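Data file: final37.pdb. Format and content: PDB, C-alpha atoms.
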```
ATOM      1  CA  MET A   1      -3.539 -10.270  -0.998  1.00  0.00           C
ATOM      2  CA  LYS A   2      -4.842  -6.867  -2.042  1.00  0.00           C
ATOM      3  CA  SER A   3      -2.505  -3.896  -2.022  1.00  0.00           C
ATOM      4  CA  ASN A   4      -3.196  -0.340  -3.080  1.00  0.00           C
ATOM      5  CA  ILE A   5      -0.071   1.655  -3.752  1.00  0.00           C
ATOM      6  CA  VAL A   6       0.115   5.384  -4.412  1.00  0.00           C
ATOM      7  CA  ILE A   7       3.254   6.838  -5.986  1.00  0.00           C
ATOM      8  CA  ALA A   8       3.669  10.607  -5.908  1.00  0.00           C
ATOM      9  CA  GLY A   9       6.154  13.434  -6.064  1.00  0.00           C
ATOM     10  CA  PHE A  10       8.613  12.000  -8.552  1.00  0.00           C
ATOM     11  CA  ARG A  11       9.292  13.142 -12.073  1.00  0.00           C
ATOM     12  CA  ASN A  12       6.884  11.688 -14.620  1.00  0.00           C
ATOM     13  CA  GLN A  13       9.518   9.477 -16.190  1.00  0.00           C
ATOM     14  CA  CYS A  14      10.519   8.121 -12.802  1.00  0.00           C
ATOM     15  CA  ILE A  15       6.929   7.337 -11.844  1.00  0.00           C
ATOM     16  CA  ASP A  16       6.337   5.604 -15.166  1.00  0.00           C
ATOM     17  CA  ARG A  17       9.429   3.487 -14.584  1.00  0.00           C
ATOM     18  CA  LEU A  18       8.401   2.507 -11.050  1.00  0.00           C
ATOM     19  CA  VAL A  19       4.922   1.625 -12.268  1.00  0.00           C
ATOM     20  CA  LYS A  20       6.365  -0.508 -15.056  1.00  0.00           C
ATOM     21  CA  ILE A  21       8.645  -2.349 -12.635  1.00  0.00           C
ATOM     22  CA  ILE A  22       5.794  -3.094 -10.234  1.00  0.00           C
ATOM     23  CA  GLU A  23       3.465  -4.150 -13.050  1.00  0.00           C
ATOM     24  CA  THR A  24       6.098  -6.495 -14.468  1.00  0.00           C
ATOM     25  CA  ALA A  25       6.909  -7.953 -11.042  1.00  0.00           C
ATOM     26  CA  VAL A  26       3.217  -8.552 -10.375  1.00  0.00           C
ATOM     27  CA  GLN A  27       2.938 -10.584 -13.571  1.00  0.00           C
ATOM     28  CA  SER A  28       5.586 -12.977 -12.200  1.00  0.00           C
ATOM     29  CA  GLU A  29       3.322 -13.811  -9.288  1.00  0.00           C
ATOM     30  CA  LYS A  30       0.303 -14.142 -11.578  1.00  0.00           C
ATOM     31  CA  LEU A  31      -1.473 -11.411  -9.676  1.00  0.00           C
ATOM     32  CA  LEU A  32      -3.606  -8.730 -11.273  1.00  0.00           C
ATOM     33  CA  VAL A  33      -2.712  -5.060 -11.276  1.00  0.00           C
ATOM     34  CA  LYS A  34      -4.577  -2.017 -12.467  1.00  0.00           C
ATOM     35  CA  THR A  35      -2.964   1.372 -12.736  1.00  0.00           C
ATOM     36  CA  PHE A  36      -4.754   4.676 -12.484  1.00  0.00           C
ATOM     37  CA  ASP A  37      -3.869   8.327 -12.710  1.00  0.00           C
ATOM     38  CA  ILE A  38      -4.850  10.367  -9.703  1.00  0.00           C
ATOM     39  CA  SER A  39      -5.770  13.875 -10.682  1.00  0.00           C
ATOM     40  CA  ASN A  40      -5.037  16.664  -8.296  1.00  0.00           C
ATOM     41  CA  ASN A  41      -7.820  19.217  -8.009  1.00  0.00           C
ATOM     42  CA  GLU A  42      -5.722  21.479  -5.857  1.00  0.00           C
ATOM     43  CA  ASN A  43      -3.209  22.131  -8.554  1.00  0.00           C
ATOM     44  CA  LYS A  44      -4.941  22.692 -11.871  1.00  0.00           C
ATOM     45  CA  ARG A  45      -2.304  24.930 -13.382  1.00  0.00           C
ATOM     46  CA  LYS A  46       0.356  22.320 -13.295  1.00  0.00           C
ATOM     47  CA  LYS A  47      -1.008  18.879 -13.976  1.00  0.00           C
ATOM     48  CA  SER A  48       0.091  16.668 -11.166  1.00  0.00           C
ATOM     49  CA  TYR A  49       1.318  13.222 -11.920  1.00  0.00           C
ATOM     50  CA  GLN A  50       0.407  10.649  -9.360  1.00  0.00           C
ATOM     51  CA  LYS A  51      -0.373   6.996  -9.815  1.00  0.00           C
ATOM     52  CA  LEU A  52      -2.419   4.446  -7.989  1.00  0.00           C
ATOM     53  CA  LEU A  53      -1.740   0.751  -8.454  1.00  0.00           C
ATOM     54  CA  CYS A  54      -4.242  -1.815  -7.248  1.00  0.00           C
ATOM     55  CA  ILE A  55      -2.755  -5.279  -6.879  1.00  0.00           C
ATOM     56  CA  ASN A  56      -5.154  -8.178  -6.432  1.00  0.00           C
TER
ATOM     57  CA  MET B  18     -12.984   8.706 -20.736  1.00  0.00           C
ATOM     58  CA  LYS B  19     -15.219   7.993 -17.794  1.00  0.00           C
ATOM     59  CA  ILE B  20     -14.485   9.381 -14.380  1.00  0.00           C
ATOM     60  CA  LYS B  21     -16.033   8.305 -11.113  1.00  0.00           C
ATOM     61  CA  GLU B  22     -15.869  10.732  -8.304  1.00  0.00           C
ATOM     62  CA  LYS B  23     -15.673   9.645  -4.736  1.00  0.00           C
ATOM     63  CA  LYS B  24     -17.872  11.925  -2.700  1.00  0.00           C
ATOM     64  CA  ALA B  25     -15.665  12.077   0.334  1.00  0.00           C
ATOM     65  CA  ILE B  26     -12.542  12.634  -1.668  1.00  0.00           C
ATOM     66  CA  ARG B  27     -11.773  15.605  -3.845  1.00  0.00           C
ATOM     67  CA  ASN B  28      -9.704  13.699  -6.328  1.00  0.00           C
ATOM     68  CA  CYS B  29     -10.764  11.436  -9.088  1.00  0.00           C
ATOM     69  CA  PHE B  30      -9.208   8.305 -10.500  1.00  0.00           C
ATOM     70  CA  VAL B  31      -8.710   7.991 -14.202  1.00  0.00           C
ATOM     71  CA  SER B  32      -7.639   4.694 -15.590  1.00  0.00           C
ATOM     72  CA  THR B  33      -4.596   4.687 -17.816  1.00  0.00           C
ATOM     73  CA  ASP B  34      -6.392   1.939 -19.656  1.00  0.00           C
ATOM     74  CA  GLU B  35      -9.233   3.604 -21.545  1.00  0.00           C
ATOM     75  CA  SER B  36     -11.354   0.489 -21.328  1.00  0.00           C
ATOM     76  CA  SER B  37     -11.456   0.278 -17.583  1.00  0.00           C
ATOM     77  CA  VAL B  38     -13.053   2.529 -15.069  1.00  0.00           C
ATOM     78  CA  LEU B  39     -12.071   2.443 -11.476  1.00  0.00           C
ATOM     79  CA  ASP B  40     -14.834   1.757  -9.052  1.00  0.00           C
ATOM     80  CA  SER B  41     -13.716   3.911  -6.196  1.00  0.00           C
ATOM     81  CA  ALA B  42     -15.788   1.837  -3.772  1.00  0.00           C
ATOM     82  CA  ASN B  43     -13.495  -1.075  -4.505  1.00  0.00           C
ATOM     83  CA  VAL B  44     -10.349   0.927  -4.062  1.00  0.00           C
ATOM     84  CA  GLY B  45     -10.770   2.019  -0.495  1.00  0.00           C
ATOM     85  CA  SER B  46      -7.653   3.581   0.883  1.00  0.00           C
ATOM     86  CA  ALA B  47      -4.010   3.312   0.047  1.00  0.00           C
ATOM     87  CA  ASP B  48      -2.071   0.658   1.888  1.00  0.00           C
ATOM     88  CA  LEU B  49       1.143   2.302   0.860  1.00  0.00           C
ATOM     89  CA  LEU B  50       2.297   5.716  -0.294  1.00  0.00           C
ATOM     90  CA  ILE B  51       5.710   6.063  -1.914  1.00  0.00           C
ATOM     91  CA  SER B  52       6.621   9.734  -1.854  1.00  0.00           C
ATOM     92  CA  ALA B  53       9.642  11.512  -3.299  1.00  0.00           C
ATOM     93  CA  GLY B  54       9.799  13.834  -0.332  1.00  0.00           C
ATOM     94  CA  PRO B  55       8.559  14.298   3.222  1.00  0.00           C
ATOM     95  CA  LYS B  56       6.000  16.918   2.178  1.00  0.00           C
ATOM     96  CA  LEU B  57       2.942  14.834   1.461  1.00  0.00           C
ATOM     97  CA  PRO B  58       0.490  16.329  -1.028  1.00  0.00           C
ATOM     98  CA  GLU B  59      -2.628  17.427   0.842  1.00  0.00           C
ATOM     99  CA  ASP B  60      -4.955  15.710  -1.579  1.00  0.00           C
ATOM    100  CA  LEU B  61      -3.248  12.389  -1.049  1.00  0.00           C
ATOM    101  CA  LEU B  62      -3.734  12.492   2.699  1.00  0.00           C
ATOM    102  CA  ASP B  63      -7.372  11.645   2.043  1.00  0.00           C
ATOM    103  CA  TYR B  64      -6.304   8.234   0.826  1.00  0.00           C
ATOM    104  CA  LEU B  65      -4.338   7.386   3.915  1.00  0.00           C
ATOM    105  CA  THR B  66      -5.702   5.669   6.969  1.00  0.00           C
ATOM    106  CA  GLU B  67      -3.927   5.494  10.293  1.00  0.00           C
ATOM    107  CA  PHE B  68      -2.564   2.135   9.186  1.00  0.00           C
ATOM    108  CA  SER B  69      -1.303   3.197   5.761  1.00  0.00           C
ATOM    109  CA  TRP B  70       2.422   3.028   5.286  1.00  0.00           C
ATOM    110  CA  VAL B  71       4.264   6.141   4.126  1.00  0.00           C
ATOM    111  CA  ILE B  72       7.661   5.558   2.549  1.00  0.00           C
ATOM    112  CA  SER B  73       9.550   8.756   1.832  1.00  0.00           C
ATOM    113  CA  ASP B  74      12.924  10.168   0.965  1.00  0.00           C
ATOM    114  CA  ALA B  75      14.185  12.078   3.990  1.00  0.00           C
ATOM    115  CA  ASN B  76      16.472  14.450   2.191  1.00  0.00           C
ATOM    116  CA  SER B  77      14.919  15.442  -1.089  1.00  0.00           C
ATOM    117  CA  PHE B  78      14.452  18.956  -2.442  1.00  0.00           C
ATOM    118  CA  ASP B  79      17.350  20.492  -0.578  1.00  0.00           C
ATOM    119  CA  ASN B  80      17.777  22.953  -3.402  1.00  0.00           C
ATOM    120  CA  ILE B  81      14.252  24.354  -3.291  1.00  0.00           C
ATOM    121  CA  LEU B  82      14.336  27.490  -1.183  1.00  0.00           C
ATOM    122  CA  ASN B  83      10.639  27.692  -0.374  1.00  0.00           C
ATOM    123  CA  TYR B  84      10.317  24.028   0.437  1.00  0.00           C
ATOM    124  CA  PRO B  85       8.286  23.705   3.659  1.00  0.00           C
ATOM    125  CA  GLU B  86      10.141  23.456   6.903  1.00  0.00           C
ATOM    126  CA  ARG B  87      11.470  19.955   6.787  1.00  0.00           C
ATOM    127  CA  HIS B  88      11.357  19.493  10.522  1.00  0.00           C
ATOM    128  CA  GLU B  89       7.577  19.907  10.552  1.00  0.00           C
ATOM    129  CA  GLU B  90       7.210  17.455   7.711  1.00  0.00           C
ATOM    130  CA  TYR B  91       9.387  14.934   9.491  1.00  0.00           C
ATOM    131  CA  ILE B  92       7.283  15.236  12.606  1.00  0.00           C
ATOM    132  CA  LYS B  93       4.112  14.653  10.597  1.00  0.00           C
ATOM    133  CA  ILE B  94       5.501  11.521   9.017  1.00  0.00           C
ATOM    134  CA  LYS B  95       7.109  10.240  12.191  1.00  0.00           C
ATOM    135  CA  SER B  96       3.845  10.688  14.046  1.00  0.00           C
ATOM    136  CA  ARG B  97       2.332   8.127  11.729  1.00  0.00           C
ATOM    137  CA  LYS B  98       2.068   4.610  13.054  1.00  0.00           C
ATOM    138  CA  ASN B  99       3.611   3.110   9.931  1.00  0.00           C
ATOM    139  CA  HIS B 100       6.348   4.968   8.127  1.00  0.00           C
ATOM    140  CA  ILE B 101       9.788   4.547   6.621  1.00  0.00           C
ATOM    141  CA  LEU B 102      11.951   7.626   6.217  1.00  0.00           C
ATOM    142  CA  ILE B 103      15.295   6.964   4.570  1.00  0.00           C
ATOM    143  CA  ASN B 104      17.954   8.995   2.794  1.00  0.00           C
ATOM    144  CA  ALA B 105      17.087   7.593  -0.602  1.00  0.00           C
ATOM    145  CA  SER B 106      18.825  10.346  -2.576  1.00  0.00           C
ATOM    146  CA  ASP B 107      22.059   9.766  -0.668  1.00  0.00           C
ATOM    147  CA  ILE B 108      21.895   6.030  -1.252  1.00  0.00           C
ATOM    148  CA  ALA B 109      21.179   6.594  -4.944  1.00  0.00           C
ATOM    149  CA  ALA B 110      24.029   9.107  -5.178  1.00  0.00           C
ATOM    150  CA  GLN B 111      26.395   6.521  -3.692  1.00  0.00           C
ATOM    151  CA  HIS B 112      25.520   4.408  -6.696  1.00  0.00           C
ATOM    152  CA  GLY B 113      26.375   7.289  -8.975  1.00  0.00           C
ATOM    153  CA  ASP B 114      22.973   8.693  -9.810  1.00  0.00           C
ATOM    154  CA  ASP B 115      20.682  10.455  -7.351  1.00  0.00           C
ATOM    155  CA  ARG B 116      17.895  10.344  -9.925  1.00  0.00           C
ATOM    156  CA  ILE B 117      17.254   6.711  -9.090  1.00  0.00           C
ATOM    157  CA  SER B 118      16.107   7.432  -5.561  1.00  0.00           C
ATOM    158  CA  GLY B 119      12.758   6.045  -6.683  1.00  0.00           C
ATOM    159  CA  LEU B 120      14.318   2.594  -6.992  1.00  0.00           C
ATOM    160  CA  VAL B 121      15.698   2.941  -3.459  1.00  0.00           C
ATOM    161  CA  LEU B 122      12.244   3.798  -2.141  1.00  0.00           C
ATOM    162  CA  LEU B 123      10.683   0.966  -4.121  1.00  0.00           C
ATOM    163  CA  GLY B 124      13.190  -1.350  -2.459  1.00  0.00           C
ATOM    164  CA  ALA B 125      12.145   0.043   0.909  1.00  0.00           C
ATOM    165  CA  ALA B 126       8.494  -0.515   0.039  1.00  0.00           C
ATOM    166  CA  SER B 127       9.080  -3.996  -1.336  1.00  0.00           C
ATOM    167  CA  ASN B 128       9.173  -5.499   2.155  1.00  0.00           C
ATOM    168  CA  LEU B 129       5.500  -4.602   2.454  1.00  0.00           C
ATOM    169  CA  LEU B 130       4.330  -5.887  -0.916  1.00  0.00           C
ATOM    170  CA  PRO B 131       3.162  -9.399  -1.831  1.00  0.00           C
ATOM    171  CA  LEU B 132       6.102  -9.785  -4.199  1.00  0.00           C
ATOM    172  CA  SER B 133       9.516 -11.344  -3.712  1.00  0.00           C
ATOM    173  CA  GLU B 134      12.885  -9.685  -4.200  1.00  0.00           C
ATOM    174  CA  SER B 135      13.441 -12.063  -7.092  1.00  0.00           C
ATOM    175  CA  ASP B 136      10.261 -10.804  -8.776  1.00  0.00           C
ATOM    176  CA  PHE B 137      11.524  -7.238  -8.569  1.00  0.00           C
ATOM    177  CA  VAL B 138      15.046  -8.053  -9.739  1.00  0.00           C
ATOM    178  CA  LYS B 139      13.713  -9.917 -12.770  1.00  0.00           C
ATOM    179  CA  SER B 140      11.348  -7.064 -13.449  1.00  0.00           C
ATOM    180  CA  ILE B 141      14.130  -4.469 -13.310  1.00  0.00           C
ATOM    181  CA  TYR B 142      16.092  -6.575 -15.804  1.00  0.00           C
ATOM    182  CA  LYS B 143      13.118  -6.667 -18.154  1.00  0.00           C
ATOM    183  CA  VAL B 144      12.333  -2.960 -17.882  1.00  0.00           C
ATOM    184  CA  PHE B 145      15.975  -1.946 -18.415  1.00  0.00           C
ATOM    185  CA  LEU B 146      16.710  -4.671 -20.950  1.00  0.00           C
ATOM    186  CA  ALA B 147      17.746  -2.211 -23.638  1.00  0.00           C
ATOM    187  CA  LYS B 148      20.070  -0.342 -21.273  1.00  0.00           C
ATOM    188  CA  LYS B 149      23.693  -1.009 -20.453  1.00  0.00           C
ATOM    189  CA  GLU B 150      24.454  -3.823 -18.023  1.00  0.00           C
ATOM    190  CA  GLU B 151      26.062  -1.336 -15.663  1.00  0.00           C
ATOM    191  CA  LEU B 152      22.869   0.714 -15.469  1.00  0.00           C
ATOM    192  CA  ILE B 153      20.838  -2.388 -14.704  1.00  0.00           C
ATOM    193  CA  LYS B 154      23.263  -3.302 -11.938  1.00  0.00           C
ATOM    194  CA  ILE B 155      23.061   0.204 -10.445  1.00  0.00           C
ATOM    195  CA  ASN B 156      19.277   0.038 -10.356  1.00  0.00           C
ATOM    196  CA  ILE B 157      19.221  -3.409  -8.767  1.00  0.00           C
ATOM    197  CA  ASP B 158      21.853  -2.397  -6.205  1.00  0.00           C
ATOM    198  CA  SER B 159      19.841   0.716  -5.366  1.00  0.00           C
ATOM    199  CA  PHE B 160      16.704  -1.364  -4.961  1.00  0.00           C
ATOM    200  CA  ARG B 161      18.499  -3.756  -2.607  1.00  0.00           C
ATOM    201  CA  GLN B 162      20.068  -0.943  -0.607  1.00  0.00           C
ATOM    202  CA  GLY B 163      16.617   0.563  -0.137  1.00  0.00           C
ATOM    203  CA  LYS B 164      15.337  -2.765   1.127  1.00  0.00           C
ATOM    204  CA  ILE B 165      18.200  -2.986   3.618  1.00  0.00           C
ATOM    205  CA  ALA B 166      17.835   0.655   4.693  1.00  0.00           C
ATOM    206  CA  ALA B 167      14.136   0.136   5.377  1.00  0.00           C
ATOM    207  CA  LYS B 168      14.820  -2.896   7.547  1.00  0.00           C
ATOM    208  CA  GLU B 169      17.445  -0.951   9.473  1.00  0.00           C
ATOM    209  CA  TYR B 170      15.065   1.976   9.884  1.00  0.00           C
ATOM    210  CA  LEU B 171      12.331  -0.265  11.223  1.00  0.00           C
ATOM    211  CA  THR B 172      14.792  -1.809  13.645  1.00  0.00           C
ATOM    212  CA  THR B 173      16.094   1.482  14.985  1.00  0.00           C
ATOM    213  CA  SER B 174      12.981   3.682  14.822  1.00  0.00           C
ATOM    214  CA  PRO B 175      11.055   3.173  18.060  1.00  0.00           C
ATOM    215  CA  LYS B 176       7.759   4.412  16.640  1.00  0.00           C
ATOM    216  CA  SER B 177       7.753   2.129  13.655  1.00  0.00           C
ATOM    217  CA  ILE B 178       6.180  -1.259  13.432  1.00  0.00           C
ATOM    218  CA  ALA B 179       8.366  -3.900  11.858  1.00  0.00           C
TER
END
```

Represent the structure from my file as structure tokens, please.
Amino acid sequence: MKSNIVIAGFRNQCIDRLVKIIETAVQSEKLLVKTFDISNNENKRKKSYQKLLCIN
Amino acid sequence: MKIKEKKAIRNCFVSTDESSVLDSANVGSADLLISAGPKLPEDLLDYLTEFSWVISDANSFDNILNYPERHEEYIKIKSRKNHILINASDIAAQHGDDRISGLVLLGAASNLLPLSESDFVKSIYKVFLAKKEELIKINIDSFRQGKIAAKEYLTTSPKSIA
């Protein structure tokens, strides 16, 4: 089953932790996951921190 | 680092793994958005379809004076076909640390992911292995409370699809 998950709005450390938890959980099911940064063109002054996880 | 732009979308994806480049055509839209607050970033709306799930904390950013009118944001989220709006910060605070609201929301989202609760619990143990046992327990409890809160929300919210 394919799932694309976007995580946004949290502090960087919190997002990193959530990503790590999902990535580790995915490994248990022997699924594949790729994680990407999503840049935000609307807010160039303050680099936004958003993640996209693609589970396959 | 290579970047592929999706014409219809203003954002770009950049892999955290330098060796891989995301083919945006294969990404499509987000099935799920986990947001810290009800104000959804405009740029992320492009990734959502009418069927995408939005899971958000209902009561975040109380201390930000210029935070957009929450009522309007609630209406936007509640007008979505698939959404879960829970008081994640309150649940996290009940466990002694409102900073772990992310774990509550992950618990809420877990019902929609192809992973079992056991997978997540084991994963939380691994990620927090170096931390105190009490902290691990708090995070797992928060995750489970989020899962329960989401189920309750879907049961009581007439516009949601369980």

Checklist entry - When the PyMOL selection byres ((chain A and resi 19) around 9) is applied to the file above, which residues end up in the set, as a VMD selection string? => result chain A and resid 7 14 to 18 20 to 24 35 51 to 53

With only C-alpha atoms as the counted atoms, please give the residues lying no more than 10 Å from Gly9 in chain A, apart from itself and same-chain residues fewer than 6 positions off, as a PDB file with C-alpha atoms, in the coordinates of the input.
```pdb
ATOM      1  CA  ILE A  15       6.929   7.337 -11.844  1.00  0.00           C
ATOM      2  CA  SER A  48       0.091  16.668 -11.166  1.00  0.00           C
ATOM      3  CA  TYR A  49       1.318  13.222 -11.920  1.00  0.00           C
ATOM      4  CA  GLN A  50       0.407  10.649  -9.360  1.00  0.00           C
ATOM      5  CA  LYS A  51      -0.373   6.996  -9.815  1.00  0.00           C
TER       6      LYS A  51
ATOM      7  CA  ILE B  51       5.710   6.063  -1.914  1.00  0.00           C
ATOM      8  CA  SER B  52       6.621   9.734  -1.854  1.00  0.00           C
ATOM      9  CA  ALA B  53       9.642  11.512  -3.299  1.00  0.00           C
ATOM     10  CA  GLY B  54       9.799  13.834  -0.332  1.00  0.00           C
ATOM     11  CA  PRO B  55       8.559  14.298   3.222  1.00  0.00           C
ATOM     12  CA  LYS B  56       6.000  16.918   2.178  1.00  0.00           C
ATOM     13  CA  LEU B  57       2.942  14.834   1.461  1.00  0.00           C
ATOM     14  CA  PRO B  58       0.490  16.329  -1.028  1.00  0.00           C
ATOM     15  CA  SER B  73       9.550   8.756   1.832  1.00  0.00           C
ATOM     16  CA  GLY B 119      12.758   6.045  -6.683  1.00  0.00           C
TER      17      GLY B 119
END
```

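Those residues of chain A that fall within 7 Å of chain B when using only C-alpha atoms read A:Met1, A:Ser3, A:Asn4, A:Ile5, A:Val6, A:Ile7, A:Ala8, A:Gly9, A:Phe10, A:Cys14, A:Ile21, A:Thr24, A:Ala25, A:Val26, A:Ser28, A:Thr35, A:Phe36, A:Asp37, A:Ile38, A:Ser39, A:Asn40, A:Asn41.
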
Write to file, as a PDB file, in the coordinates of the input, the residues of the selection just made, with C-alpha atoms.
```pdb
ATOM      1  CA  MET A   1      -3.539 -10.270  -0.998  1.00  0.00           C
ATOM      2  CA  SER A   3      -2.505  -3.896  -2.022  1.00  0.00           C
ATOM      3  CA  ASN A   4      -3.196  -0.340  -3.080  1.00  0.00           C
ATOM      4  CA  ILE A   5      -0.071   1.655  -3.752  1.00  0.00           C
ATOM      5  CA  VAL A   6       0.115   5.384  -4.412  1.00  0.00           C
ATOM      6  CA  ILE A   7       3.254   6.838  -5.986  1.00  0.00           C
ATOM      7  CA  ALA A   8       3.669  10.607  -5.908  1.00  0.00           C
ATOM      8  CA  GLY A   9       6.154  13.434  -6.064  1.00  0.00           C
ATOM      9  CA  PHE A  10       8.613  12.000  -8.552  1.00  0.00           C
ATOM     10  CA  CYS A  14      10.519   8.121 -12.802  1.00  0.00           C
ATOM     11  CA  ILE A  21       8.645  -2.349 -12.635  1.00  0.00           C
ATOM     12  CA  THR A  24       6.098  -6.495 -14.468  1.00  0.00           C
ATOM     13  CA  ALA A  25       6.909  -7.953 -11.042  1.00  0.00           C
ATOM     14  CA  VAL A  26       3.217  -8.552 -10.375  1.00  0.00           C
ATOM     15  CA  SER A  28       5.586 -12.977 -12.200  1.00  0.00           C
ATOM     16  CA  THR A  35      -2.964   1.372 -12.736  1.00  0.00           C
ATOM     17  CA  PHE A  36      -4.754   4.676 -12.484  1.00  0.00           C
ATOM     18  CA  ASP A  37      -3.869   8.327 -12.710  1.00  0.00           C
ATOM     19  CA  ILE A  38      -4.850  10.367  -9.703  1.00  0.00           C
ATOM     20  CA  SER A  39      -5.770  13.875 -10.682  1.00  0.00           C
ATOM     21  CA  ASN A  40      -5.037  16.664  -8.296  1.00  0.00           C
ATOM     22  CA  ASN A  41      -7.820  19.217  -8.009  1.00  0.00           C
TER      23      ASN A  41
END
```

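Across the model, the gap from CA of Glu169 in chain B to CA of Asn76 in chain B is 17.1 Å.
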
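The environment of Lys2 in chain A within 8 Å, counting only C-alpha atoms and disregarding residues fewer than 4 places along the same chain, consists of Cys54, Ile55 and Asn56 of chain A.
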
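Reported to one decimal place, the separation of CA of His88 in chain B from CA of Asp107 in chain B is 18.3 Å.
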
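Going from CA of Gly124 in chain B over to CA of Asn12 in chain A, you cover 18.9 Å.
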
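Minimum atom-to-atom distance to Ala167 in chain B, evaluated using only C-alpha atoms, belongs to B:Ile108 out of B:Lys93, B:Lys148, B:Ile108, B:Glu67.
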
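Distance check against Ala105 in chain B using all atoms listed in the file: of B:Asp63, B:Glu151, B:Asp74, B:Glu89, the minimum falls on B:Asp74.
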